[in-house]
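The structure file my_file-v2.cif is reproduced below (mmCIF, C-alpha atoms and all ligand atoms).
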data_model
loop_
_atom_site.label_atom_id
_atom_site.label_comp_id
_atom_site.auth_asym_id
_atom_site.auth_seq_id
_atom_site.Cartn_x
_atom_site.Cartn_y
_atom_site.Cartn_z
CA MET A 1 -19.60 23.84 -24.08
CA ALA A 2 -19.32 21.34 -21.24
CA LEU A 3 -16.16 21.48 -19.16
CA LYS A 4 -13.59 18.77 -19.98
CA PHE A 5 -10.50 17.47 -18.24
CA THR A 6 -7.64 16.93 -20.66
CA GLY A 7 -4.92 15.83 -18.26
CA ASP A 8 -3.70 12.38 -17.35
CA PHE A 9 -4.58 10.23 -14.34
CA THR A 10 -1.54 7.98 -14.60
CA GLN A 11 1.28 10.40 -15.41
CA GLN A 12 3.66 10.66 -12.46
CA GLU A 13 6.24 13.39 -12.10
CA PRO A 14 9.70 12.79 -13.59
CA ILE A 15 12.38 11.22 -11.41
CA PRO A 16 14.24 14.12 -9.68
CA GLU A 17 17.55 15.18 -11.23
CA ALA A 18 19.49 14.21 -8.09
CA ALA A 19 18.06 10.69 -8.39
CA ILE A 20 18.95 10.51 -12.08
CA ASP A 21 22.52 11.58 -11.28
CA ALA A 22 22.77 8.95 -8.54
CA ALA A 23 21.45 6.27 -10.90
CA VAL A 24 23.93 7.26 -13.61
CA ALA A 25 26.78 7.03 -11.09
CA VAL A 26 25.74 3.45 -10.24
CA MET A 27 25.59 2.56 -13.92
CA ARG A 28 29.01 4.11 -14.54
CA HIS A 29 30.68 1.98 -11.87
CA GLY A 30 28.63 -1.08 -12.78
CA ARG A 31 28.16 -2.48 -9.28
CA LEU A 32 24.37 -2.88 -9.35
CA HIS A 33 24.15 -5.92 -7.09
CA ARG A 34 23.83 -4.92 -3.44
CA TYR A 35 26.64 -7.23 -2.34
CA ASN A 36 29.05 -6.04 -5.04
CA THR A 37 31.05 -3.28 -3.35
CA VAL A 38 34.67 -2.18 -3.26
CA ASP A 39 36.60 -1.64 -0.03
CA GLY A 40 35.07 1.13 2.06
CA GLU A 41 32.01 1.47 -0.18
CA ILE A 42 28.52 1.31 1.29
CA ALA A 43 25.97 0.11 -1.26
CA GLU A 44 23.10 2.43 -2.22
CA THR A 45 20.71 -0.32 -1.08
CA VAL A 46 22.24 -0.35 2.39
CA LEU A 47 22.09 3.45 2.60
CA LEU A 48 18.43 3.39 1.57
CA GLU A 49 17.69 0.84 4.31
CA GLN A 50 19.40 3.04 6.88
CA GLU A 51 17.57 6.14 5.73
CA PHE A 52 14.20 4.41 5.57
CA ALA A 53 14.67 2.94 9.06
CA ALA A 54 15.49 6.44 10.33
CA PHE A 55 12.50 7.95 8.48
CA LYS A 56 10.17 5.40 10.11
CA GLY A 57 11.91 5.32 13.48
CA ALA A 58 12.30 1.56 12.99
CA LYS A 59 15.15 -0.57 14.26
CA TYR A 60 15.59 -2.69 11.13
CA CYS A 61 14.87 -2.29 7.42
CA LEU A 62 15.25 -4.57 4.42
CA ALA A 63 14.92 -3.48 0.78
CA VAL A 64 13.37 -6.05 -1.55
CA ALA A 65 12.01 -6.60 -5.05
CA SER A 66 8.37 -5.56 -4.50
CA GLY A 67 5.73 -4.72 -1.93
CA GLY A 68 3.99 -8.04 -2.51
CA TYR A 69 7.27 -9.88 -1.97
CA ALA A 70 7.82 -8.01 1.33
CA LEU A 71 4.34 -9.07 2.50
CA SER A 72 4.94 -12.68 1.62
CA ILE A 73 8.33 -13.02 3.34
CA ALA A 74 6.99 -11.08 6.33
CA LEU A 75 4.47 -13.86 6.95
CA ARG A 76 7.14 -16.52 6.55
CA ALA A 77 9.55 -14.66 8.83
CA CYS A 78 6.77 -14.47 11.44
CA GLY A 79 6.43 -18.25 11.36
CA ILE A 80 3.39 -19.02 9.21
CA GLN A 81 2.77 -22.74 8.62
CA HIS A 82 1.13 -24.27 5.57
CA GLY A 83 -2.65 -23.89 5.68
CA ASP A 84 -2.73 -21.33 8.50
CA PRO A 85 -5.63 -18.87 8.26
CA VAL A 86 -4.53 -15.26 7.68
CA LEU A 87 -7.06 -12.51 8.27
CA THR A 88 -7.05 -9.59 5.86
CA ASN A 89 -9.28 -6.78 4.61
CA ALA A 90 -12.02 -7.86 2.19
CA PHE A 91 -11.24 -4.65 0.27
CA THR A 92 -7.61 -4.71 -0.77
CA LEU A 93 -5.40 -5.09 -3.83
CA ALA A 94 -4.63 -8.43 -5.50
CA PRO A 95 -0.98 -8.62 -4.23
CA VAL A 96 -2.29 -9.02 -0.67
CA PRO A 97 -4.24 -12.29 -1.00
CA GLY A 98 -1.52 -13.31 -3.46
CA ALA A 99 1.18 -12.83 -0.82
CA ILE A 100 -0.84 -14.84 1.73
CA GLN A 101 -1.39 -17.68 -0.74
CA GLY A 102 2.28 -17.56 -1.77
CA ALA A 103 3.39 -17.97 1.86
CA GLY A 104 1.17 -21.06 2.20
CA GLY A 105 -1.58 -19.25 4.11
CA ARG A 106 -5.33 -19.26 3.64
CA PRO A 107 -6.87 -15.78 3.25
CA VAL A 108 -9.85 -15.10 5.53
CA PHE A 109 -11.52 -11.83 4.61
CA VAL A 110 -12.74 -9.36 7.21
CA GLU A 111 -15.55 -6.93 6.40
CA ILE A 112 -14.86 -3.23 5.88
CA THR A 113 -16.91 -0.23 7.00
CA PRO A 114 -18.21 2.59 4.76
CA ASP A 115 -15.04 4.49 5.77
CA LEU A 116 -13.15 1.76 3.82
CA ILE A 117 -11.34 0.48 6.91
CA LEU A 118 -11.40 -2.86 8.71
CA ASP A 119 -14.58 -3.58 10.67
CA LEU A 120 -13.21 -4.28 14.16
CA ASN A 121 -16.33 -6.17 15.27
CA ASP A 122 -15.99 -8.56 12.37
CA LEU A 123 -12.25 -8.82 13.11
CA SER A 124 -12.94 -9.92 16.69
CA ALA A 125 -15.59 -12.39 15.53
CA LYS A 126 -13.30 -13.92 12.91
CA ILE A 127 -10.33 -14.16 15.28
CA ALA A 128 -12.60 -16.13 17.64
CA PHE A 129 -14.10 -18.25 14.86
CA THR A 130 -10.93 -19.16 12.95
CA GLY A 131 -8.31 -19.02 15.71
CA ALA A 132 -6.11 -17.12 13.22
CA LYS A 133 -2.75 -15.96 14.58
CA PHE A 134 -1.95 -13.56 11.71
CA LEU A 135 -3.59 -10.40 10.44
CA MET A 136 -2.33 -8.84 7.23
CA LEU A 137 -3.78 -5.39 7.75
CA SER A 138 -4.13 -3.54 4.47
CA HIS A 139 -4.28 0.24 4.74
CA MET A 140 -6.04 0.15 1.39
CA ARG A 141 -6.00 3.46 -0.49
CA GLY A 142 -4.38 5.06 2.55
CA HIS A 143 -7.33 4.79 4.95
CA LEU A 144 -6.11 4.05 8.48
CA VAL A 145 -8.24 2.13 10.95
CA ASP A 146 -8.14 3.17 14.64
CA MET A 147 -4.76 1.57 15.32
CA ASP A 148 -5.03 1.83 19.10
CA ALA A 149 -8.31 -0.11 19.10
CA LEU A 150 -6.99 -2.63 16.59
CA ILE A 151 -3.78 -3.40 18.47
CA ALA A 152 -5.74 -3.80 21.71
CA ILE A 153 -7.77 -6.55 19.99
CA THR A 154 -4.86 -8.32 18.31
CA ASP A 155 -2.58 -8.16 21.37
CA ALA A 156 -5.28 -9.65 23.57
CA ALA A 157 -5.75 -12.51 21.09
CA GLY A 158 -2.04 -13.11 20.41
CA VAL A 159 -2.45 -12.21 16.74
CA GLN A 160 0.65 -10.99 14.91
CA VAL A 161 -0.05 -7.98 12.69
CA ILE A 162 1.71 -7.41 9.39
CA GLU A 163 0.89 -3.99 7.98
CA ASP A 164 0.46 -3.47 4.27
CA CYS A 165 1.55 0.16 3.99
CA ALA A 166 1.62 0.37 0.20
CA HIS A 167 -0.50 3.56 0.43
CA THR A 168 0.65 4.84 3.83
CA MET A 169 4.42 5.22 3.53
CA GLY A 170 4.35 8.81 4.80
CA ALA A 171 1.23 8.46 6.96
CA ASN A 172 0.68 8.10 10.70
CA TRP A 173 -2.07 7.33 13.21
CA ASN A 174 -2.09 9.44 16.35
CA GLY A 175 1.58 10.30 15.76
CA ILE A 176 2.70 6.69 15.27
CA SER A 177 4.21 6.16 11.86
CA SER A 178 2.25 3.71 9.70
CA GLY A 179 3.91 0.29 9.81
CA ARG A 180 5.30 0.72 13.31
CA SER A 181 2.34 -0.72 15.22
CA GLY A 182 2.49 -4.23 13.79
CA VAL A 183 5.34 -6.74 14.01
CA VAL A 184 6.28 -5.90 10.42
CA GLY A 185 5.48 -2.98 8.12
CA CYS A 186 5.68 -3.48 4.34
CA TYR A 187 5.92 -0.78 1.67
CA SER A 188 5.91 -0.66 -2.10
CA THR A 189 8.01 1.60 -4.34
CA GLN A 190 6.08 0.67 -7.45
CA THR A 191 5.34 3.62 -9.76
CA PHE A 192 1.86 4.43 -8.37
CA LYS A 193 2.85 4.58 -4.69
CA HIS A 194 4.61 7.38 -2.79
CA ILE A 195 8.15 6.93 -4.09
CA ASN A 196 8.84 5.50 -7.53
CA SER A 197 11.44 2.99 -8.68
CA GLY A 198 9.14 1.17 -11.09
CA GLU A 199 9.10 -1.86 -8.82
CA GLY A 200 10.46 -2.35 -5.32
CA GLY A 201 9.59 -2.92 -1.69
CA LEU A 202 10.74 -2.17 1.84
CA LEU A 203 10.14 -4.06 5.07
CA ILE A 204 10.64 -2.76 8.61
CA THR A 205 10.50 -4.50 11.97
CA GLY A 206 11.80 -4.12 15.49
CA ASP A 207 12.17 -7.89 15.94
CA ALA A 208 15.73 -9.12 15.31
CA GLU A 209 14.75 -12.73 14.56
CA VAL A 210 12.02 -11.74 12.16
CA MET A 211 14.52 -9.44 10.47
CA ALA A 212 17.18 -12.15 10.26
CA ARG A 213 14.73 -14.62 8.71
CA ALA A 214 13.43 -12.02 6.24
CA THR A 215 17.03 -11.18 5.27
CA MET A 216 17.90 -14.84 4.63
CA LEU A 217 14.65 -15.35 2.70
CA SER A 218 15.39 -12.32 0.51
CA GLY A 219 18.60 -14.00 -0.65
CA SER A 220 21.49 -12.59 1.35
CA TYR A 221 23.70 -15.70 1.11
CA MET A 222 26.08 -15.27 4.08
CA LEU A 223 26.66 -11.59 3.31
CA TYR A 224 24.17 -10.16 5.81
CA THR A 225 26.85 -8.44 7.90
CA SER A 226 26.96 -5.66 5.28
CA HIS A 227 23.39 -4.66 6.22
CA LEU A 228 23.75 -1.59 8.41
CA ALA A 229 20.03 -1.51 9.26
CA GLY A 230 19.98 -5.29 9.68
CA ALA A 231 19.70 -7.68 12.60
CA PRO A 232 22.85 -8.21 14.73
CA PRO A 233 25.10 -10.94 13.23
CA GLU A 234 24.63 -13.27 16.23
CA THR A 235 20.89 -13.42 15.50
CA PHE A 236 21.70 -15.29 12.29
CA GLU A 237 23.50 -18.17 13.98
CA ASP A 238 20.40 -20.30 14.49
CA ILE A 239 18.60 -19.03 11.44
CA ARG A 240 20.96 -18.86 8.51
CA LEU A 241 21.10 -22.58 7.70
CA ASP A 242 17.41 -23.22 8.34
CA THR A 243 15.95 -20.49 6.15
CA PRO A 244 15.57 -20.94 2.39
CA ASN A 245 16.88 -18.38 -0.08
CA CYS A 246 13.93 -17.08 -2.10
CA SER A 247 15.78 -14.36 -3.99
CA GLY A 248 13.95 -11.04 -4.05
CA ARG A 249 16.62 -8.45 -3.29
CA MET A 250 16.55 -4.81 -4.29
CA ASP A 251 19.44 -3.57 -6.45
CA ASN A 252 21.59 -0.44 -6.16
CA LEU A 253 20.07 1.24 -9.19
CA ARG A 254 16.59 1.31 -7.67
CA ALA A 255 17.92 2.30 -4.27
CA ALA A 256 19.84 5.20 -5.85
CA ILE A 257 16.64 6.46 -7.48
CA LEU A 258 14.68 6.15 -4.24
CA ARG A 259 16.97 7.91 -1.77
CA PRO A 260 16.41 11.49 -3.02
CA GLN A 261 12.68 10.77 -3.36
CA LEU A 262 12.50 9.61 0.25
CA ALA A 263 14.06 12.90 1.34
CA ASP A 264 11.35 14.74 -0.63
CA LEU A 265 8.45 12.64 0.67
CA PRO A 266 7.18 14.91 3.49
CA ALA A 267 6.92 17.85 1.06
CA GLN A 268 5.34 15.68 -1.64
CA ALA A 269 2.81 14.38 0.91
CA GLU A 270 1.60 17.92 1.48
CA ARG A 271 1.22 18.45 -2.28
CA TRP A 272 -0.86 15.26 -2.56
CA ASN A 273 -3.05 16.34 0.30
CA GLU A 274 -3.67 19.80 -1.20
CA ARG A 275 -5.04 18.04 -4.25
CA TYR A 276 -7.16 15.74 -2.10
CA ARG A 277 -8.61 18.70 -0.23
CA ALA A 278 -9.38 20.48 -3.49
CA LEU A 279 -11.35 17.47 -4.73
CA GLU A 280 -13.04 17.11 -1.37
CA ALA A 281 -14.06 20.77 -1.33
CA GLY A 282 -15.52 20.46 -4.82
CA LEU A 283 -17.53 17.35 -3.94
CA ASN A 284 -18.70 18.42 -0.52
CA GLN A 285 -22.50 18.66 -0.24
CA VAL A 286 -23.22 16.91 -3.52
CA GLU A 287 -26.54 15.15 -3.23
CA ASN A 288 -26.33 11.31 -3.21
CA LEU A 289 -22.52 11.41 -3.06
CA THR A 290 -20.81 10.38 0.19
CA LEU A 291 -17.26 11.46 0.97
CA ILE A 292 -15.05 9.26 3.13
CA GLU A 293 -14.69 10.71 6.60
CA ARG A 294 -11.06 11.25 7.67
CA PRO A 295 -10.56 11.07 11.46
CA ALA A 296 -8.55 13.77 13.23
CA LYS A 297 -6.00 11.20 14.46
CA GLU A 298 -5.20 10.14 10.90
CA TYR A 299 -2.42 11.84 8.93
CA PHE A 300 -2.81 10.49 5.42
CA VAL A 301 -0.92 10.86 2.16
CA ALA A 302 -3.58 10.97 -0.51
CA SER A 303 -2.27 9.62 -3.80
CA SER A 304 -5.84 8.63 -4.66
CA PHE A 305 -9.42 9.72 -3.93
CA GLN A 306 -12.52 7.64 -3.17
CA PHE A 307 -16.21 8.39 -2.78
CA LEU A 308 -19.44 6.42 -2.51
CA LEU A 309 -22.62 6.56 -4.54
CA PRO A 310 -24.73 4.43 -2.22
CA LYS A 311 -28.17 5.29 -3.63
CA PHE A 312 -27.69 4.47 -7.31
CA THR A 313 -28.28 1.22 -9.18
CA ALA A 314 -25.49 -0.48 -11.10
CA ASP A 315 -26.88 0.88 -14.36
CA GLN A 316 -27.00 4.42 -13.02
CA ILE A 317 -23.39 4.16 -11.85
CA LYS A 318 -22.37 2.81 -15.26
CA THR A 319 -24.01 5.87 -16.82
CA ILE A 320 -22.13 8.23 -14.48
CA VAL A 321 -18.79 6.49 -15.09
CA ALA A 322 -19.30 6.62 -18.87
CA ALA A 323 -20.39 10.28 -18.81
CA CYS A 324 -17.38 11.27 -16.69
CA ASP A 325 -15.09 9.27 -18.95
CA ALA A 326 -16.40 11.11 -22.00
CA ARG A 327 -15.31 14.32 -20.26
CA GLY A 328 -11.83 12.97 -19.50
CA VAL A 329 -12.45 11.90 -15.89
CA GLN A 330 -11.47 8.28 -15.36
CA LEU A 331 -13.31 6.79 -12.41
CA LYS A 332 -12.64 3.21 -11.40
CA TRP A 333 -15.69 1.37 -10.12
CA PHE A 334 -15.34 -1.56 -7.72
CA GLY A 335 -18.93 -2.73 -8.33
CA ALA A 336 -18.62 -4.02 -11.91
CA GLU A 337 -19.29 -7.74 -12.50
CA ASN A 338 -15.86 -8.21 -14.04
CA PRO A 339 -12.65 -6.71 -12.67
CA VAL A 340 -11.05 -4.09 -14.92
CA GLY A 341 -7.46 -2.97 -14.37
CA PHE A 342 -6.87 -3.05 -10.62
CA THR A 343 -10.53 -3.28 -9.51
CA SER A 344 -10.52 -6.98 -8.63
CA ARG A 345 -12.47 -7.96 -5.50
CA HIS A 346 -12.50 -10.80 -3.01
CA ASP A 347 -14.82 -12.79 -5.28
CA SER A 348 -12.43 -12.32 -8.23
CA TRP A 349 -9.74 -14.28 -6.36
CA ARG A 350 -11.10 -17.73 -7.09
CA TYR A 351 -8.09 -19.57 -5.63
CA VAL A 352 -9.47 -18.47 -2.24
CA ASP A 353 -12.46 -20.31 -0.71
CA PRO A 354 -15.62 -18.26 -1.41
CA GLN A 355 -16.66 -16.17 1.59
CA LYS A 356 -19.80 -14.22 2.42
CA LEU A 357 -19.08 -10.50 2.90
CA PRO A 358 -22.43 -8.75 2.49
CA ASN A 359 -21.36 -5.42 4.01
CA THR A 360 -18.22 -5.16 1.91
CA ASP A 361 -20.16 -6.13 -1.23
CA ARG A 362 -22.74 -3.42 -0.57
CA ILE A 363 -20.02 -0.79 -0.04
CA LEU A 364 -17.96 -1.83 -3.08
CA ALA A 365 -21.11 -1.73 -5.25
CA GLY A 366 -21.10 2.05 -4.80
CA LEU A 367 -17.35 2.72 -4.55
CA LEU A 368 -15.59 4.97 -7.04
CA ASP A 369 -11.85 5.51 -7.06
CA MET A 370 -9.41 7.75 -8.88
CA ARG A 371 -5.73 8.40 -8.84
CA ILE A 372 -4.26 11.80 -7.96
CA PRO A 373 -0.88 12.08 -9.67
CA LEU A 374 1.17 15.12 -8.65
CA THR A 375 1.17 16.29 -12.27
CA MET A 376 -2.49 17.22 -11.69
CA THR A 377 -2.89 20.90 -10.78
CA LEU A 378 -5.22 22.28 -8.12
CA ASP A 379 -7.28 23.94 -10.85
CA GLU A 380 -7.60 20.61 -12.60
CA CYS A 381 -8.79 19.02 -9.34
CA ALA A 382 -11.52 21.67 -9.17
CA ILE A 383 -12.53 20.92 -12.78
CA ILE A 384 -12.64 17.17 -12.11
CA ALA A 385 -14.84 17.72 -9.06
CA MET A 386 -17.16 19.95 -11.08
CA ILE A 387 -17.53 17.32 -13.81
CA ILE A 388 -18.32 14.57 -11.29
CA LYS A 389 -20.79 16.81 -9.51
CA GLU A 390 -22.61 17.62 -12.76
CA GLU A 391 -22.77 14.01 -13.90
CA VAL A 392 -23.94 12.69 -10.52
CA GLY A 393 -26.55 15.43 -10.48
CA SER A 394 -27.87 14.60 -13.95
CA VAL A 395 -28.77 10.95 -13.29
C1 LIG B 1 0.64 -1.79 -4.63
C2 LIG B 1 0.09 -2.51 -3.50
C3 LIG B 1 0.77 -3.57 -2.88
C4 LIG B 1 2.10 -4.11 -3.32
O1 LIG B 1 2.35 -3.92 -4.63
P1 LIG B 1 3.67 -4.35 -5.44
O2 LIG B 1 3.25 -4.03 -6.83
O3 LIG B 1 3.87 -5.81 -5.18
O4 LIG B 1 4.82 -3.54 -4.96
C5 LIG B 1 0.20 -4.12 -1.76
N1 LIG B 1 -0.98 -3.69 -1.30
C6 LIG B 1 -1.66 -2.68 -1.84
C7 LIG B 1 -2.95 -2.24 -1.23
C8 LIG B 1 -1.16 -2.07 -2.99
O5 LIG B 1 -1.86 -1.08 -3.55
#

Mind converting the file's structure to structure tokens?
Amino acid sequence: MALKFTGDFTQQEPIPEAAIDAAVAVMRHGRLHRYNTVDGEIAETVLLEQEFAAFKGAKYCLAVASGGYALSIALRACGIQHGDPVLTNAFTLAPVPGAIQGAGGRPVFVEITPDLILDLNDLSAKIAFTGAKFLMLSHMRGHLVDMDALIAITDAAGVQVIEDCAHTMGANWNGISSGRSGVVGCYSTQTFKHINSGEGGLLITGDAEVMARATMLSGSYMLYTSHLAGAPPETFEDIRLDTPNCSGRMDNLRAAILRPQLADLPAQAERWNERYRALEAGLNQVENLTLIERPAKEYFVASSFQFLLPKFTADQIKTIVAACDARGVQLKWFGAENPVGFTSRHDSWRYVDPQKLPNTDRILAGLLDMRIPLTMTLDECAIIAMIIKEEVGSV
């Protein structure tokens, strides 16, 4: 009988007991709003911001309602004006163009390479062509571009970089923590990222004015002095009355759940990567299947796995996806005509002006993606790889 995978691609691990206890404590005292504290109390949200800033080695940190919200206020805090072009990866998730549009920007897509990272030649060309002053760099699915080369290009052109680190919270490039190279780094704590509060986001920066504007935007009223990883109070003097309140704060319940998970993240990262390596080992040397090369300078945290089937037609890929699915292996294909689940593409975002991205289109036509939840065992990863190998080999 053919091997089958009977596990689940979307089942995350339970919230750790310490996090549950912390959440229950918040519910027992009832002060869920970050600015609702008693004398001498430091809100869970503020503690999370301090701990996340320390984890990243960042000066300032702000906890917000979602990763997409962090991206959007990051652009506004950096001074975007209505109609400004904002460069971003042509392969990214829907919240990224959504955040650009929401901040009044105009997404301009930059081609990717077969390693699923930004094409730096196309980046240079599009900076020159559009005169864009913002790049929202999406480390999509945790693949890091050569950050040294990228920052050399953007610095020379006076382009501000906002990093979308939804999949790189625990990652680094050449020892520099992901999100620390740009002006702002944005993170998501949505269930399928590296720490899980259902929804949530974090923003880091070393720029006091950007931080003060982001804090006012997030809805801090005049209570920003309670932020212990926030900008110095004097920074707010010129900003506080000129910046709209677009409420998107994080609450103490989510922060309480996240703090113990943040402490566990380095160990969890290793567990994710063991699973990634098991899949990679099982799919190495499979004919017509291309693995994504991971550079030595990249430390990634692999909560998902991608590979390319560049030689097959759309119908052949459909056959492979269906055959894997029948054996319990859910592959997401970015080449289908219609987006399914989270597989929308640049041409699915019809509020953006249509753009020609032939290289990205060719790569996405053969791109398969799957989640790696930590509930998946190493043996199961080996079984999944075996199933994919057999089905790719039988077409
Ligand atoms: C999840 C994600 C985001 C932000 O997601 P939210 O659901 O808004 O927290 C941004 N970019 C990428 C690439 C993502 O996967």

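Distance-wise, atom O4 of ligand LIG 1 (chain B) and CA of Gly198 in chain A end up 8.9 Å apart.
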
Ligand LIG 1 (chain B), all listed atoms, 4 Å padding on each side: what axis-aligned box centre and edge lengths in Å to one decimal come out, as AutoDock Vina command-line options?
--center_x 0.9 --center_y -3.4 --center_z -4.0 --size_x 15.8 --size_y 12.7 --size_z 13.6

Item to check | Nearby polymer residues, ligand LIG 1 (chain B), at most 9 Å, only C-alpha atoms and all ligand atoms, as number ranges by chain | outcome: A: 65-71, 91-96, 99, 138-142, 164-167, 186-193, 198-201, 342

Checklist entry - Of the residues A:Lys389, A:Lys318, A:Arg31, A:His227, which is the one nearest to Ala212 in chain A, using all atoms listed in the file? => result A:His227

Checklist entry - With only C-alpha atoms as the atoms that count, which of A:Glu209, A:Ala365, A:Ala256, A:Thr290 lies nearest to Ile317 in chain A? => result A:Ala365

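Look at everything within 6 Å of (-2.6, 11.1, -3.8) using all atoms listed in the file, and the residues you get are A:Trp272, A:Ala302, A:Ser303, A:Ser304, A:Ile372.
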
Item to check | Selected residue, from A:Thr113, A:Gln261, A:Asn174, A:Thr343, that lies nearest to Ile15 in chain A when counting all atoms listed in the file | outcome: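 Residue with the minimum atom-to-atom distance to Ile15 in chain A: A:Gln261.
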
Checklist outcome for this item: Of A:Ala326, A:Val159, A:Val340, A:Ile73, the one nearest to Ser247 in chain A when counting only C-alpha atoms is A:Ile73

Checklist entry - Restricting the calculation to all atoms listed in the file, which member of A:Asp84, A:Asp325, A:Asp361, A:Glu287 is positioned closest to Glu337 in chain A? => result A:Asp361

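When only C-alpha atoms are used to compute distances to His346 in chain A, the closest of the residues A:Ala267, A:Val110, A:Ile20, A:Met27 turns out to be A:Val110.
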
Item to check | CA of Gln316 in chain A to CA of Asn338 in chain A, distance in Å rounded to a single decimal | outcome: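 Taking CA of Gln316 in chain A and CA of Asn338 in chain A, their separation equals 16.9 Å.
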
Checklist entry - Got a sec: who's within 8 Å of range 292-301 of chain A, counting only C-alpha atoms, leaving out chain neighbours fewer than 3 positions off, as an NGL selection string? => result :A and (114-116 or 142-144 or 167-175 or 269-270 or 272-273 or 306-308)

Quick one: write out the picked residues with C-alpha atoms as a CSV table (one decimal), in the frame of the given file?
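What landed in again_4.csv:
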chain,number,residue,atom,x,y,z
A,114,PRO,CA,-18.2,2.6,4.8
A,115,ASP,CA,-15.0,4.5,5.8
A,116,LEU,CA,-13.2,1.8,3.8
A,142,GLY,CA,-4.4,5.1,2.6
A,143,HIS,CA,-7.3,4.8,5.0
A,144,LEU,CA,-6.1,4.0,8.5
A,167,HIS,CA,-0.5,3.6,0.4
A,168,THR,CA,0.6,4.8,3.8
A,169,MET,CA,4.4,5.2,3.5
A,170,GLY,CA,4.4,8.8,4.8
A,171,ALA,CA,1.2,8.5,7.0
A,172,ASN,CA,0.7,8.1,10.7
A,173,TRP,CA,-2.1,7.3,13.2
A,174,ASN,CA,-2.1,9.4,16.4
A,175,GLY,CA,1.6,10.3,15.8
A,269,ALA,CA,2.8,14.4,0.9
A,270,GLU,CA,1.6,17.9,1.5
A,272,TRP,CA,-0.9,15.3,-2.6
A,273,ASN,CA,-3.0,16.3,0.3
A,306,GLN,CA,-12.5,7.6,-3.2
A,307,PHE,CA,-16.2,8.4,-2.8
A,308,LEU,CA,-19.4,6.4,-2.5

Checklist entry - Interatomic distance between CA of Asn284 in chain A and CA of Asp8 in chain A? => result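 Answer for the CA of Asn284 in chain A to CA of Asp8 in chain A separation: 23.3 Å.
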
Checklist entry - Could you name the residues that touch Val26 in chain A at 9 Å or less, counting only C-alpha atoms, but leaving out those on the same chain fewer than 5 positions away, as a ChimeraX atom specification? => result /A:21,31-32,44,252-253,256

Selection export as a PDB file, keeping the file's coordinate frame, atoms kept: C-alpha atoms:
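Writing the result to result_4.pdb gives the following:
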ATOM      1  CA  ASP A  21      22.520  11.580 -11.280  1.00  0.00           C
ATOM      2  CA  ARG A  31      28.160  -2.480  -9.280  1.00  0.00           C
ATOM      3  CA  LEU A  32      24.370  -2.880  -9.350  1.00  0.00           C
ATOM      4  CA  GLU A  44      23.100   2.430  -2.220  1.00  0.00           C
ATOM      5  CA  ASN A 252      21.590  -0.440  -6.160  1.00  0.00           C
ATOM      6  CA  LEU A 253      20.070   1.240  -9.190  1.00  0.00           C
ATOM      7  CA  ALA A 256      19.840   5.200  -5.850  1.00  0.00           C
TER       8      ALA A 256
END

Checklist entry - Got a sec: who's within 7 Å of range 228-243 of chain A, counting all atoms listed in the file, leaving out chain neighbours fewer than 2 positions off, as a PyMOL selection string? => result chain A and resi 46+49-50+53+60-61+208-209+211-213+216-217+225-226+245

Next on the checklist: Using all atoms listed in the file, which protein or nucleic acid residues come within 9 Å of Leu137 in chain A? Drop anything in the same chain fewer than 5 positions from it, and give the result as a PyMOL selection string.
Outcome noted: chain A and resi 87-89+118+161-165+182

Would you output that residue set with C-alpha atoms, as a PDB file, keeping the file's coordinate frame?
ATOM      1  CA  LEU A  87      -7.060 -12.510   8.270  1.00  0.00           C
ATOM      2  CA  THR A  88      -7.050  -9.590   5.860  1.00  0.00           C
ATOM      3  CA  ASN A  89      -9.280  -6.780   4.610  1.00  0.00           C
ATOM      4  CA  LEU A 118     -11.400  -2.860   8.710  1.00  0.00           C
ATOM      5  CA  VAL A 161      -0.050  -7.980  12.690  1.00  0.00           C
ATOM      6  CA  ILE A 162       1.710  -7.410   9.390  1.00  0.00           C
ATOM      7  CA  GLU A 163       0.890  -3.990   7.980  1.00  0.00           C
ATOM      8  CA  ASP A 164       0.460  -3.470   4.270  1.00  0.00           C
ATOM      9  CA  CYS A 165       1.550   0.160   3.990  1.00  0.00           C
ATOM     10  CA  GLY A 182       2.490  -4.230  13.790  1.00  0.00           C
TER      11      GLY A 182
END
